file structure.txt (compact mmCIF, C-alpha atoms and all ligand atoms)
# COMPACT_ATOMS: atom_id res chain seq x y z
CA MET A 23 165.32 133.13 54.63
CA ASP A 24 167.86 132.79 51.78
CA ALA A 25 165.37 133.79 49.10
CA VAL A 26 166.50 136.58 46.72
CA PRO A 27 164.18 139.59 46.14
CA LEU A 28 162.82 139.37 42.60
CA ALA A 29 160.01 141.91 42.31
CA SER A 30 157.60 144.00 44.33
CA GLY A 31 154.02 144.84 43.42
CA ARG A 32 151.53 147.00 45.30
CA ASP A 33 150.59 144.30 47.77
CA ALA A 34 153.32 141.73 47.73
CA ASP A 35 157.05 141.08 47.57
CA VAL A 36 158.23 138.23 45.40
CA PHE A 37 161.43 136.32 46.19
CA ALA A 38 163.25 133.67 44.18
CA ILE A 39 163.69 130.52 46.29
CA ASP A 40 165.56 128.67 43.54
CA ASP A 41 165.31 128.50 39.75
CA ARG A 42 162.00 126.63 39.98
CA ARG A 43 160.10 128.39 42.78
CA VAL A 44 159.21 131.85 44.04
CA LEU A 45 157.73 133.01 47.34
CA ARG A 46 155.07 135.73 47.14
CA ARG A 47 154.53 137.39 50.52
CA TYR A 48 151.80 139.92 51.30
CA ARG A 49 153.14 142.98 53.08
CA HIS A 50 149.90 144.04 54.77
CA GLY A 51 148.42 140.75 55.92
CA GLY A 52 145.80 138.61 54.23
CA ASP A 53 145.32 134.93 53.54
CA VAL A 54 146.31 133.27 50.28
CA ALA A 55 144.07 130.20 50.76
CA ALA A 56 141.22 131.46 48.56
CA GLU A 57 143.42 132.54 45.65
CA ALA A 58 145.45 129.33 45.83
CA ALA A 59 142.19 127.34 45.55
CA VAL A 60 141.09 129.28 42.44
CA MET A 61 144.54 128.96 40.88
CA ALA A 62 144.51 125.18 41.40
CA TYR A 63 140.98 124.96 40.00
CA VAL A 64 141.66 126.90 36.77
CA ALA A 65 145.05 125.18 36.32
CA GLY A 66 143.23 121.82 36.43
CA LEU A 67 141.07 123.02 33.53
CA GLY A 68 144.09 124.03 31.46
CA PHE A 69 144.06 127.78 32.14
CA PRO A 70 147.62 129.21 32.35
CA VAL A 71 148.56 130.09 35.94
CA PRO A 72 151.72 129.36 37.96
CA THR A 73 151.57 125.97 39.69
CA VAL A 74 150.98 126.45 43.42
CA PHE A 75 153.28 124.42 45.69
CA GLN A 76 152.30 125.75 49.09
CA ALA A 77 149.81 128.30 50.47
CA ARG A 78 149.92 129.42 54.09
CA GLY A 79 148.86 132.73 55.65
CA VAL A 80 150.49 135.59 53.71
CA ASP A 81 152.84 133.23 51.83
CA LEU A 82 152.33 131.59 48.48
CA VAL A 83 155.07 129.35 47.08
CA MET A 84 154.59 128.83 43.37
CA GLU A 85 156.24 128.02 40.09
CA ARG A 86 158.86 130.55 39.05
CA LEU A 87 157.88 131.87 35.62
CA ASP A 88 160.40 132.87 32.99
CA GLY A 89 159.94 135.87 30.70
CA ARG A 90 158.64 139.27 31.72
CA THR A 91 155.31 140.95 32.38
CA MET A 92 153.20 142.14 29.44
CA LEU A 93 153.65 145.69 30.74
CA SER A 94 157.41 145.48 30.64
CA ALA A 95 157.29 143.85 27.15
CA LEU A 96 155.07 146.73 25.95
CA LEU A 97 157.47 149.31 27.38
CA ALA A 98 160.44 147.54 25.80
CA GLY A 99 158.73 147.63 22.40
CA GLU A 100 158.64 143.83 22.19
CA LEU A 101 154.87 143.87 21.86
CA ASP A 102 152.51 146.44 20.36
CA ALA A 103 149.11 147.56 21.67
CA ALA A 104 147.17 145.44 19.16
CA GLU A 105 149.07 142.29 20.17
CA ALA A 106 148.64 143.04 23.87
CA ALA A 107 144.90 143.71 23.42
CA THR A 108 144.43 140.48 21.47
CA CYS A 109 146.23 138.57 24.21
CA LEU A 110 144.18 140.19 27.02
CA VAL A 111 140.91 139.53 25.17
CA ASP A 112 141.91 135.92 24.58
CA LEU A 113 142.74 135.40 28.28
CA HIS A 114 139.34 136.82 29.28
CA ARG A 115 137.60 134.60 26.72
CA ARG A 116 139.41 131.46 27.88
CA LEU A 117 138.86 132.18 31.59
CA HIS A 118 135.16 132.88 31.14
CA ALA A 119 134.67 129.73 29.09
CA LEU A 120 135.50 127.63 32.19
CA PRO A 121 132.69 126.18 34.31
CA SER A 122 132.01 127.90 37.62
CA ARG A 123 133.85 126.41 40.59
CA LEU A 124 131.17 127.35 43.09
CA GLY A 125 128.31 126.31 40.78
CA ALA A 126 126.22 129.44 41.29
CA GLY A 127 123.89 129.79 38.27
CA ASP A 128 125.67 131.05 35.17
CA ALA A 129 128.42 132.79 37.16
CA ARG A 130 131.97 132.54 35.81
CA VAL A 131 135.38 132.51 37.43
CA LEU A 132 136.59 136.14 37.38
CA HIS A 133 140.09 137.48 37.96
CA LEU A 134 139.09 141.13 38.54
CA ASP A 135 142.63 142.51 38.15
CA LEU A 136 143.53 141.32 34.66
CA HIS A 137 145.87 144.01 33.31
CA PRO A 138 149.29 144.02 31.62
CA ASP A 139 151.27 143.91 34.89
CA ASN A 140 149.46 140.73 35.95
CA VAL A 141 150.23 138.76 32.79
CA MET A 142 153.66 137.20 32.31
CA LEU A 143 154.78 136.33 28.79
CA THR A 144 156.64 133.06 29.28
CA SER A 145 158.10 130.30 27.12
CA ARG A 146 154.85 128.39 27.66
CA GLY A 147 152.73 131.37 26.56
CA PRO A 148 150.96 134.10 28.55
CA VAL A 149 150.40 133.19 32.23
CA VAL A 150 148.06 135.08 34.58
CA ILE A 151 149.32 135.96 38.08
CA ASP A 152 147.93 137.87 41.10
CA TRP A 153 144.57 136.18 41.79
CA ARG A 154 143.89 138.04 45.05
CA ASN A 155 140.65 139.68 43.83
CA SER A 156 139.28 136.58 42.12
CA THR A 157 135.61 135.80 42.61
CA GLU A 158 132.66 134.57 40.52
CA GLY A 159 130.11 136.62 38.59
CA PRO A 160 129.26 137.83 35.08
CA ALA A 161 132.12 137.77 32.54
CA GLU A 162 131.36 141.39 31.56
CA LEU A 163 132.37 142.53 35.06
CA ASP A 164 135.91 141.20 34.54
CA VAL A 165 136.11 142.88 31.14
CA ALA A 166 134.73 146.16 32.52
CA LEU A 167 137.26 146.10 35.36
CA SER A 168 140.20 145.59 32.98
CA ALA A 169 138.87 148.51 30.92
CA VAL A 170 138.57 150.74 34.01
CA ILE A 171 142.13 149.92 35.11
CA LEU A 172 143.51 150.81 31.66
CA ALA A 173 141.31 153.92 31.43
CA GLN A 174 142.48 155.20 34.83
CA VAL A 175 146.04 155.19 33.52
CA ALA A 176 144.95 156.69 30.18
CA VAL A 177 143.26 159.73 31.80
CA GLY A 178 146.11 160.42 34.24
CA GLU A 179 147.34 163.77 32.91
CA ASN A 180 150.91 163.39 34.04
CA HIS A 181 151.05 159.63 33.93
CA HIS A 182 154.03 158.50 31.85
CA LEU A 183 151.97 155.58 30.52
CA ALA A 184 148.83 157.61 29.66
CA SER A 185 149.32 157.49 25.91
CA PRO A 186 150.15 153.75 25.55
CA ALA A 187 147.31 152.93 27.98
CA ALA A 188 144.82 154.88 25.82
CA THR A 189 145.97 153.02 22.71
CA LEU A 190 145.73 149.68 24.48
CA LEU A 191 142.28 150.49 25.92
CA ALA A 192 140.93 151.37 22.47
CA ALA A 193 142.36 148.18 20.95
CA PHE A 194 140.96 146.13 23.87
CA LEU A 195 137.46 147.64 23.58
CA ASP A 196 137.49 147.13 19.79
CA ARG A 197 138.23 143.44 20.13
CA VAL A 198 136.43 142.28 23.24
CA GLY A 199 133.09 140.49 22.92
CA GLY A 200 129.95 141.09 25.00
CA ASP A 201 129.02 144.51 26.34
CA PRO A 202 131.27 145.68 29.19
CA LEU A 203 129.06 148.75 29.70
CA THR A 204 126.42 146.53 31.36
CA GLU A 205 128.81 146.02 34.32
CA LEU A 206 130.67 149.35 34.22
CA ASP A 207 128.98 150.81 37.32
CA ARG A 208 129.80 147.73 39.39
CA ALA A 209 133.39 147.74 38.13
CA LEU A 210 133.73 151.41 39.12
CA ALA A 211 132.31 150.67 42.59
CA ILE A 212 134.77 147.81 43.11
CA ARG A 213 137.65 150.03 42.05
CA ARG A 214 136.45 152.90 44.29
CA ASP A 215 136.46 150.54 47.27
CA ASP A 216 139.93 149.14 46.53
CA PRO A 217 142.12 150.17 49.50
CA ALA A 218 145.24 149.99 47.31
CA LEU A 219 144.03 152.97 45.26
CA THR A 220 145.41 156.44 45.99
CA GLY A 221 143.04 159.42 46.40
CA GLY A 222 144.27 160.83 43.07
CA GLU A 223 143.49 157.56 41.29
CA ARG A 224 140.00 157.51 42.82
CA GLU A 225 139.33 161.03 41.51
CA LEU A 226 140.04 159.87 37.96
CA LEU A 227 137.30 157.22 37.98
CA GLY A 228 134.66 159.54 36.47
CA ALA A 229 136.92 160.53 33.58
CA ALA A 230 137.93 156.88 33.12
CA ALA A 231 134.27 155.84 32.84
CA ALA A 232 133.57 158.63 30.32
CA LEU A 233 136.48 157.46 28.16
CA ILE A 234 135.15 153.88 28.06
CA VAL A 235 131.55 154.91 27.35
CA GLY A 236 132.71 157.35 24.65
CA HIS A 237 134.73 154.66 22.91
CA ARG A 238 131.96 152.05 22.94
CA ARG A 239 129.32 154.58 21.79
CA GLY A 240 131.62 155.72 18.96
CA ARG A 241 132.05 152.11 17.95
CA GLU A 242 128.28 151.49 17.90
CA LYS A 243 127.77 154.57 15.74
CA THR A 244 130.43 153.39 13.30
CA SER A 245 128.87 149.95 12.99
CA THR A 246 125.34 151.40 12.52
CA LEU A 247 126.69 153.48 9.64
CA GLY A 248 128.10 150.28 8.19
CA VAL A 249 131.64 151.66 8.19
N1 LIG B 301 155.31 133.11 39.64
C1 LIG B 301 156.11 134.15 39.37
N2 LIG B 301 157.30 133.98 38.75
C2 LIG B 301 158.12 135.04 38.50
N3 LIG B 301 157.83 136.31 38.82
C3 LIG B 301 156.65 136.56 39.44
C4 LIG B 301 155.74 135.50 39.75
N4 LIG B 301 154.66 136.04 40.37
C5 LIG B 301 154.90 137.36 40.44
N5 LIG B 301 156.08 137.69 39.89
C6 LIG B 301 156.67 139.05 39.80
O1 LIG B 301 156.28 139.79 40.95
C7 LIG B 301 155.51 140.96 40.59
C8 LIG B 301 154.41 141.19 41.62
O2 LIG B 301 153.57 140.06 41.68
P1 LIG B 301 152.02 140.18 41.87
O3 LIG B 301 151.50 138.82 42.16
O4 LIG B 301 151.40 140.86 40.68
O5 LIG B 301 151.91 141.09 43.18
P2 LIG B 301 151.10 142.42 43.53
O6 LIG B 301 149.80 141.96 44.14
O7 LIG B 301 151.93 143.11 44.54
O8 LIG B 301 150.86 143.18 42.26
C9 LIG B 301 155.02 140.65 39.18
O9 LIG B 301 154.79 141.83 38.42
C10 LIG B 301 156.15 139.81 38.59
O10 LIG B 301 157.18 140.65 38.11
MG MG B 302 150.08 142.48 40.45

call {"tool": "encode", "arguments": {"input": "structure.txt", "output": "C-alpha cells"}}
result
Amino acid sequence: MDAVPLASGRDADVFAIDDRRVLRRYRHGGDVAAEAAVMAYVAGLGFPVPTVFQARGVDLVMERLDGRTMLSALLAGELDAAEAATCLVDLHRRLHALPSRLGAGDARVLHLDLHPDNVMLTSRGPVVIDWRNSTEGPAELDVALSAVILAQVAVGENHHLASPAATLLAAFLDRVGGDPLTELDRALAIRRDDPALTGGERELLGAAAALIVGHRRGREKTSTLGV
C-alpha cells in the first residue's frame, strides 16, 4: 500500500491515498458496513459527513477532509469554548432533526461519540467523522453521552485538558436543548461497557455524572430565581 499515514485515533489508523481520499483501517477488527450505511443515509439528507467511496471489512475509503479537528482548533486557540459548544449543540440539533432510517417509532439517528476530536472544521463547515457507535434512540442519549465524554476529561485530576473540557462542558450544557439528565444513566452504562476505555477512565464515571447533574441543577435553580 502506498498510502501515507495521516492520523491515528483509538481504534483506527487513517492514511492519505491521494489528495481526495483517505483510508481508515480498524486496528482490532470490526466491520465498517453499518457505519458506512448510516453515513450514506445522513449525507443524503444533507448532514455533513465525509463521502464514503468504499466500505469493506475493516477498511473505509472516504473523502479526505481539509482543516483540522475541533479539538486541535481549540488547543491552537483558533476557537473558544463558547464557539465549540455552539457548534456541537448545532450538530446534535441537525442530526436529531433527521427522520429515523430504521423507522422505529420516534427514534432518531444517534452518533454516540460526538466530541471535539470527532468533528473536523473544514472549508465546507464542520463535518462529523467516526460513526462506529452510531445507532438509533432518543436524542437526549446522544447529548448525555457527549456530556459524559467531556465530563470524564474535566474530572481527570492530572488530565492536561481538564480545565478546557470543564469550560466546554458548562457551555455545552448551558446551550443544549432538551433534558440530557433523562438519559444520563444509560449514557453512563454505554460508556462503562466501552472496551476502549481504560480502568482509570471508568473510575471517573461517578465524578463525571456528578459534575453534569450539578451543572444542570444549578442552571434550574438560576432560572427559577429568574436570574
Ligand atoms: N475523512 C477524513 N479526512 C481527513 N482526516 C481524517 C478523516 N477521518 C479521520 N481523519 C483523521 O483521523 C483521526 C482518527 O479518525 P477517527 O475516525 O476519529 O478514528 P478513531 O475511531 O480511531 O478515533 C481523526 O481525528 C482525524 O484527524
Ligand atoms: Mg475518533

call {"tool": "residues_near_ligand", "arguments": {"input": "structure.txt", "ligand": "ligand LIG 301 (chain B)", "cutoff": "7 Å", "atoms": "all atoms listed in the file", "output": "PDB file with C-alpha atoms, in the coordinates of the input"}}
result
ATOM      1  CA  LEU A  28     162.820 139.370  42.600  1.00  0.00           C
ATOM      2  CA  ALA A  29     160.010 141.910  42.310  1.00  0.00           C
ATOM      3  CA  SER A  30     157.600 144.000  44.330  1.00  0.00           C
ATOM      4  CA  GLY A  31     154.020 144.840  43.420  1.00  0.00           C
ATOM      5  CA  ARG A  32     151.530 147.000  45.300  1.00  0.00           C
ATOM      6  CA  ASP A  33     150.590 144.300  47.770  1.00  0.00           C
ATOM      7  CA  ALA A  34     153.320 141.730  47.730  1.00  0.00           C
ATOM      8  CA  ASP A  35     157.050 141.080  47.570  1.00  0.00           C
ATOM      9  CA  VAL A  36     158.230 138.230  45.400  1.00  0.00           C
ATOM     10  CA  VAL A  44     159.210 131.850  44.040  1.00  0.00           C
ATOM     11  CA  ARG A  46     155.070 135.730  47.140  1.00  0.00           C
ATOM     12  CA  PRO A  72     151.720 129.360  37.960  1.00  0.00           C
ATOM     13  CA  MET A  84     154.590 128.830  43.370  1.00  0.00           C
ATOM     14  CA  GLU A  85     156.240 128.020  40.090  1.00  0.00           C
ATOM     15  CA  ARG A  86     158.860 130.550  39.050  1.00  0.00           C
ATOM     16  CA  LEU A  87     157.880 131.870  35.620  1.00  0.00           C
ATOM     17  CA  ASP A  88     160.400 132.870  32.990  1.00  0.00           C
ATOM     18  CA  ARG A  90     158.640 139.270  31.720  1.00  0.00           C
ATOM     19  CA  THR A  91     155.310 140.950  32.380  1.00  0.00           C
ATOM     20  CA  ASP A 139     151.270 143.910  34.890  1.00  0.00           C
ATOM     21  CA  ASN A 140     149.460 140.730  35.950  1.00  0.00           C
ATOM     22  CA  ILE A 151     149.320 135.960  38.080  1.00  0.00           C
ATOM     23  CA  ASP A 152     147.930 137.870  41.100  1.00  0.00           C
TER      24      ASP A 152
END

call {"tool": "atom_distance", "arguments": {"input": "structure.txt", "atom1": "CA of Leu233 in chain A", "atom2": "CA of Leu132 in chain A"}}
result
23.2 Å

call {"tool": "residues_near_point", "arguments": {"input": "structure.txt", "point": "(140.0, 144.9, 22.0)", "cutoff": "12 Å", "atoms": "all atoms listed in the file", "output": "NGL selection string"}}
result
:A and (103-115 or 165-166 or 168-169 or 172 or 188-202 or 234 or 237-238 or 241)

call {"tool": "residues_around", "arguments": {"input": "structure.txt", "residues": "Gln76 in chain A", "least_positions_apart": "4", "cutoff": "12 Å", "atoms": "only C-alpha atoms", "output": "list in words"}}
result
Arg43, Val44, Leu45, Arg46, Arg47, Val54, Ala55, Glu57, Ala58, Ala59, Met61, Ala62, Pro72, Val80, Asp81, Leu82, Val83, Met84 and Glu85 of chain A

call {"tool": "write_last_selection", "arguments": {"input": "structure.txt", "atoms": "C-alpha atoms", "output": "mmCIF file, keeping the file's coordinate frame"}}
result
data_model
loop_
_atom_site.group_PDB
_atom_site.id
_atom_site.type_symbol
_atom_site.label_atom_id
_atom_site.label_comp_id
_atom_site.auth_asym_id
_atom_site.auth_seq_id
_atom_site.Cartn_x
_atom_site.Cartn_y
_atom_site.Cartn_z
ATOM 1 C CA ARG A 43 160.100 128.390 42.780
ATOM 2 C CA VAL A 44 159.210 131.850 44.040
ATOM 3 C CA LEU A 45 157.730 133.010 47.340
ATOM 4 C CA ARG A 46 155.070 135.730 47.140
ATOM 5 C CA ARG A 47 154.530 137.390 50.520
ATOM 6 C CA VAL A 54 146.310 133.270 50.280
ATOM 7 C CA ALA A 55 144.070 130.200 50.760
ATOM 8 C CA GLU A 57 143.420 132.540 45.650
ATOM 9 C CA ALA A 58 145.450 129.330 45.830
ATOM 10 C CA ALA A 59 142.190 127.340 45.550
ATOM 11 C CA MET A 61 144.540 128.960 40.880
ATOM 12 C CA ALA A 62 144.510 125.180 41.400
ATOM 13 C CA PRO A 72 151.720 129.360 37.960
ATOM 14 C CA VAL A 80 150.490 135.590 53.710
ATOM 15 C CA ASP A 81 152.840 133.230 51.830
ATOM 16 C CA LEU A 82 152.330 131.590 48.480
ATOM 17 C CA VAL A 83 155.070 129.350 47.080
ATOM 18 C CA MET A 84 154.590 128.830 43.370
ATOM 19 C CA GLU A 85 156.240 128.020 40.090
#

call {"tool": "axis_aligned_box", "arguments": {"input": "structure.txt", "around": "range 168-175 of chain A", "padding_each_side": "4 Å", "output": "AutoDock Vina command-line options"}}
result
--center_x 142.3 --center_y 150.4 --center_z 33.0 --size_x 15.5 --size_y 17.6 --size_z 12.2

call {"tool": "closest_residue", "arguments": {"input": "structure.txt", "among": "A:Asp207, A:Asp135, A:Asp164, A:Glu179", "to": "ligand MG 302 (chain B)", "atoms": "only C-alpha atoms and all ligand atoms"}}
result
A:Asp135

call {"tool": "closest_residue", "arguments": {"input": "structure.txt", "among": "A:Met142, A:Leu120, A:Gly228, A:Gln174", "to": "Tyr63 in chain A", "atoms": "all atoms listed in the file"}}
result
A:Leu120

call {"tool": "closest_residue", "arguments": {"input": "structure.txt", "among": "A:Arg154, A:Gly79, A:Glu205, A:Val170", "to": "ligand MG 302 (chain B)", "atoms": "only C-alpha atoms and all ligand atoms"}}
result
A:Arg154

call {"tool": "atom_distance", "arguments": {"input": "structure.txt", "atom1": "CA of Ala95 in chain A", "atom2": "CA of Pro70 in chain A"}}
result
18.3 Å

call {"tool": "closest_residue", "arguments": {"input": "structure.txt", "among": "A:Ala65, A:Leu124, A:Ala98, A:Val150", "to": "ligand MG 302 (chain B)", "atoms": "all atoms listed in the file"}}
result
A:Val150

call {"tool": "closest_residue", "arguments": {"input": "structure.txt", "among": "A:Val26, A:Leu136, A:Pro186, A:Asn180", "to": "Gly99 in chain A", "atoms": "all atoms listed in the file"}}
result
A:Pro186

call {"tool": "build_atoms", "arguments": {"input": "structure.txt", "residues": "range 185-196 of chain A", "atoms": "all heavy atoms", "output": "compact mmCIF listing (two decimals), in the coordinates of the input"}}
result
# COMPACT_ATOMS: atom_id res chain seq x y z
N SER A 185 149.54 157.65 27.35
CA SER A 185 149.32 157.49 25.91
C SER A 185 149.28 156.00 25.49
O SER A 185 148.33 155.57 24.83
CB SER A 185 150.38 158.29 25.17
OG SER A 185 150.44 157.88 23.85
N PRO A 186 150.26 155.17 25.90
CA PRO A 186 150.15 153.75 25.55
C PRO A 186 148.91 153.08 26.15
O PRO A 186 148.30 152.21 25.53
CB PRO A 186 151.44 153.11 26.08
CG PRO A 186 152.15 154.15 26.87
CD PRO A 186 151.59 155.48 26.50
N ALA A 187 148.51 153.53 27.35
CA ALA A 187 147.31 152.93 27.98
C ALA A 187 146.06 153.25 27.17
O ALA A 187 145.17 152.41 27.00
CB ALA A 187 147.16 153.41 29.42
N ALA A 188 145.98 154.50 26.64
CA ALA A 188 144.82 154.88 25.82
C ALA A 188 144.77 154.05 24.54
O ALA A 188 143.70 153.59 24.13
CB ALA A 188 144.90 156.37 25.49
N THR A 189 145.92 153.83 23.93
CA THR A 189 145.97 153.02 22.71
C THR A 189 145.55 151.58 23.00
O THR A 189 144.77 150.97 22.27
CB THR A 189 147.41 153.03 22.13
OG1 THR A 189 147.86 154.37 22.07
CG2 THR A 189 147.46 152.41 20.75
N LEU A 190 146.06 151.07 24.11
CA LEU A 190 145.73 149.68 24.48
C LEU A 190 144.25 149.55 24.83
O LEU A 190 143.58 148.59 24.43
CB LEU A 190 146.61 149.24 25.66
CG LEU A 190 146.38 147.84 26.21
CD1 LEU A 190 146.43 146.79 25.10
CD2 LEU A 190 147.41 147.49 27.28
N LEU A 191 143.71 150.52 25.56
CA LEU A 191 142.28 150.49 25.92
C LEU A 191 141.41 150.46 24.65
O LEU A 191 140.48 149.66 24.56
CB LEU A 191 141.92 151.71 26.77
CG LEU A 191 140.43 151.86 27.07
CD1 LEU A 191 139.94 150.73 27.97
CD2 LEU A 191 140.12 153.22 27.70
N ALA A 192 141.72 151.32 23.70
CA ALA A 192 140.93 151.37 22.47
C ALA A 192 141.00 150.03 21.74
O ALA A 192 139.97 149.49 21.29
CB ALA A 192 141.44 152.50 21.57
N ALA A 193 142.19 149.47 21.65
CA ALA A 193 142.36 148.18 20.95
C ALA A 193 141.62 147.07 21.71
O ALA A 193 141.01 146.18 21.10
CB ALA A 193 143.85 147.85 20.84
N PHE A 194 141.65 147.13 23.03
CA PHE A 194 140.96 146.13 23.87
C PHE A 194 139.44 146.23 23.65
O PHE A 194 138.77 145.23 23.41
CB PHE A 194 141.34 146.37 25.33
CG PHE A 194 140.67 145.46 26.32
CD1 PHE A 194 141.04 144.12 26.41
CD2 PHE A 194 139.67 145.92 27.16
CE1 PHE A 194 140.43 143.26 27.32
CE2 PHE A 194 139.05 145.08 28.07
CZ PHE A 194 139.44 143.75 28.15
N LEU A 195 138.91 147.46 23.72
CA LEU A 195 137.46 147.64 23.58
C LEU A 195 136.98 147.31 22.16
O LEU A 195 135.84 146.90 21.96
CB LEU A 195 137.06 149.07 23.96
CG LEU A 195 137.17 149.40 25.46
CD1 LEU A 195 136.91 150.88 25.71
CD2 LEU A 195 136.22 148.53 26.30
N ASP A 196 137.84 147.48 21.18
CA ASP A 196 137.49 147.13 19.79
C ASP A 196 137.34 145.62 19.62
O ASP A 196 136.55 145.16 18.81
CB ASP A 196 138.59 147.60 18.82
CG ASP A 196 138.44 149.05 18.44
OD1 ASP A 196 137.33 149.59 18.66
OD2 ASP A 196 139.42 149.63 17.95
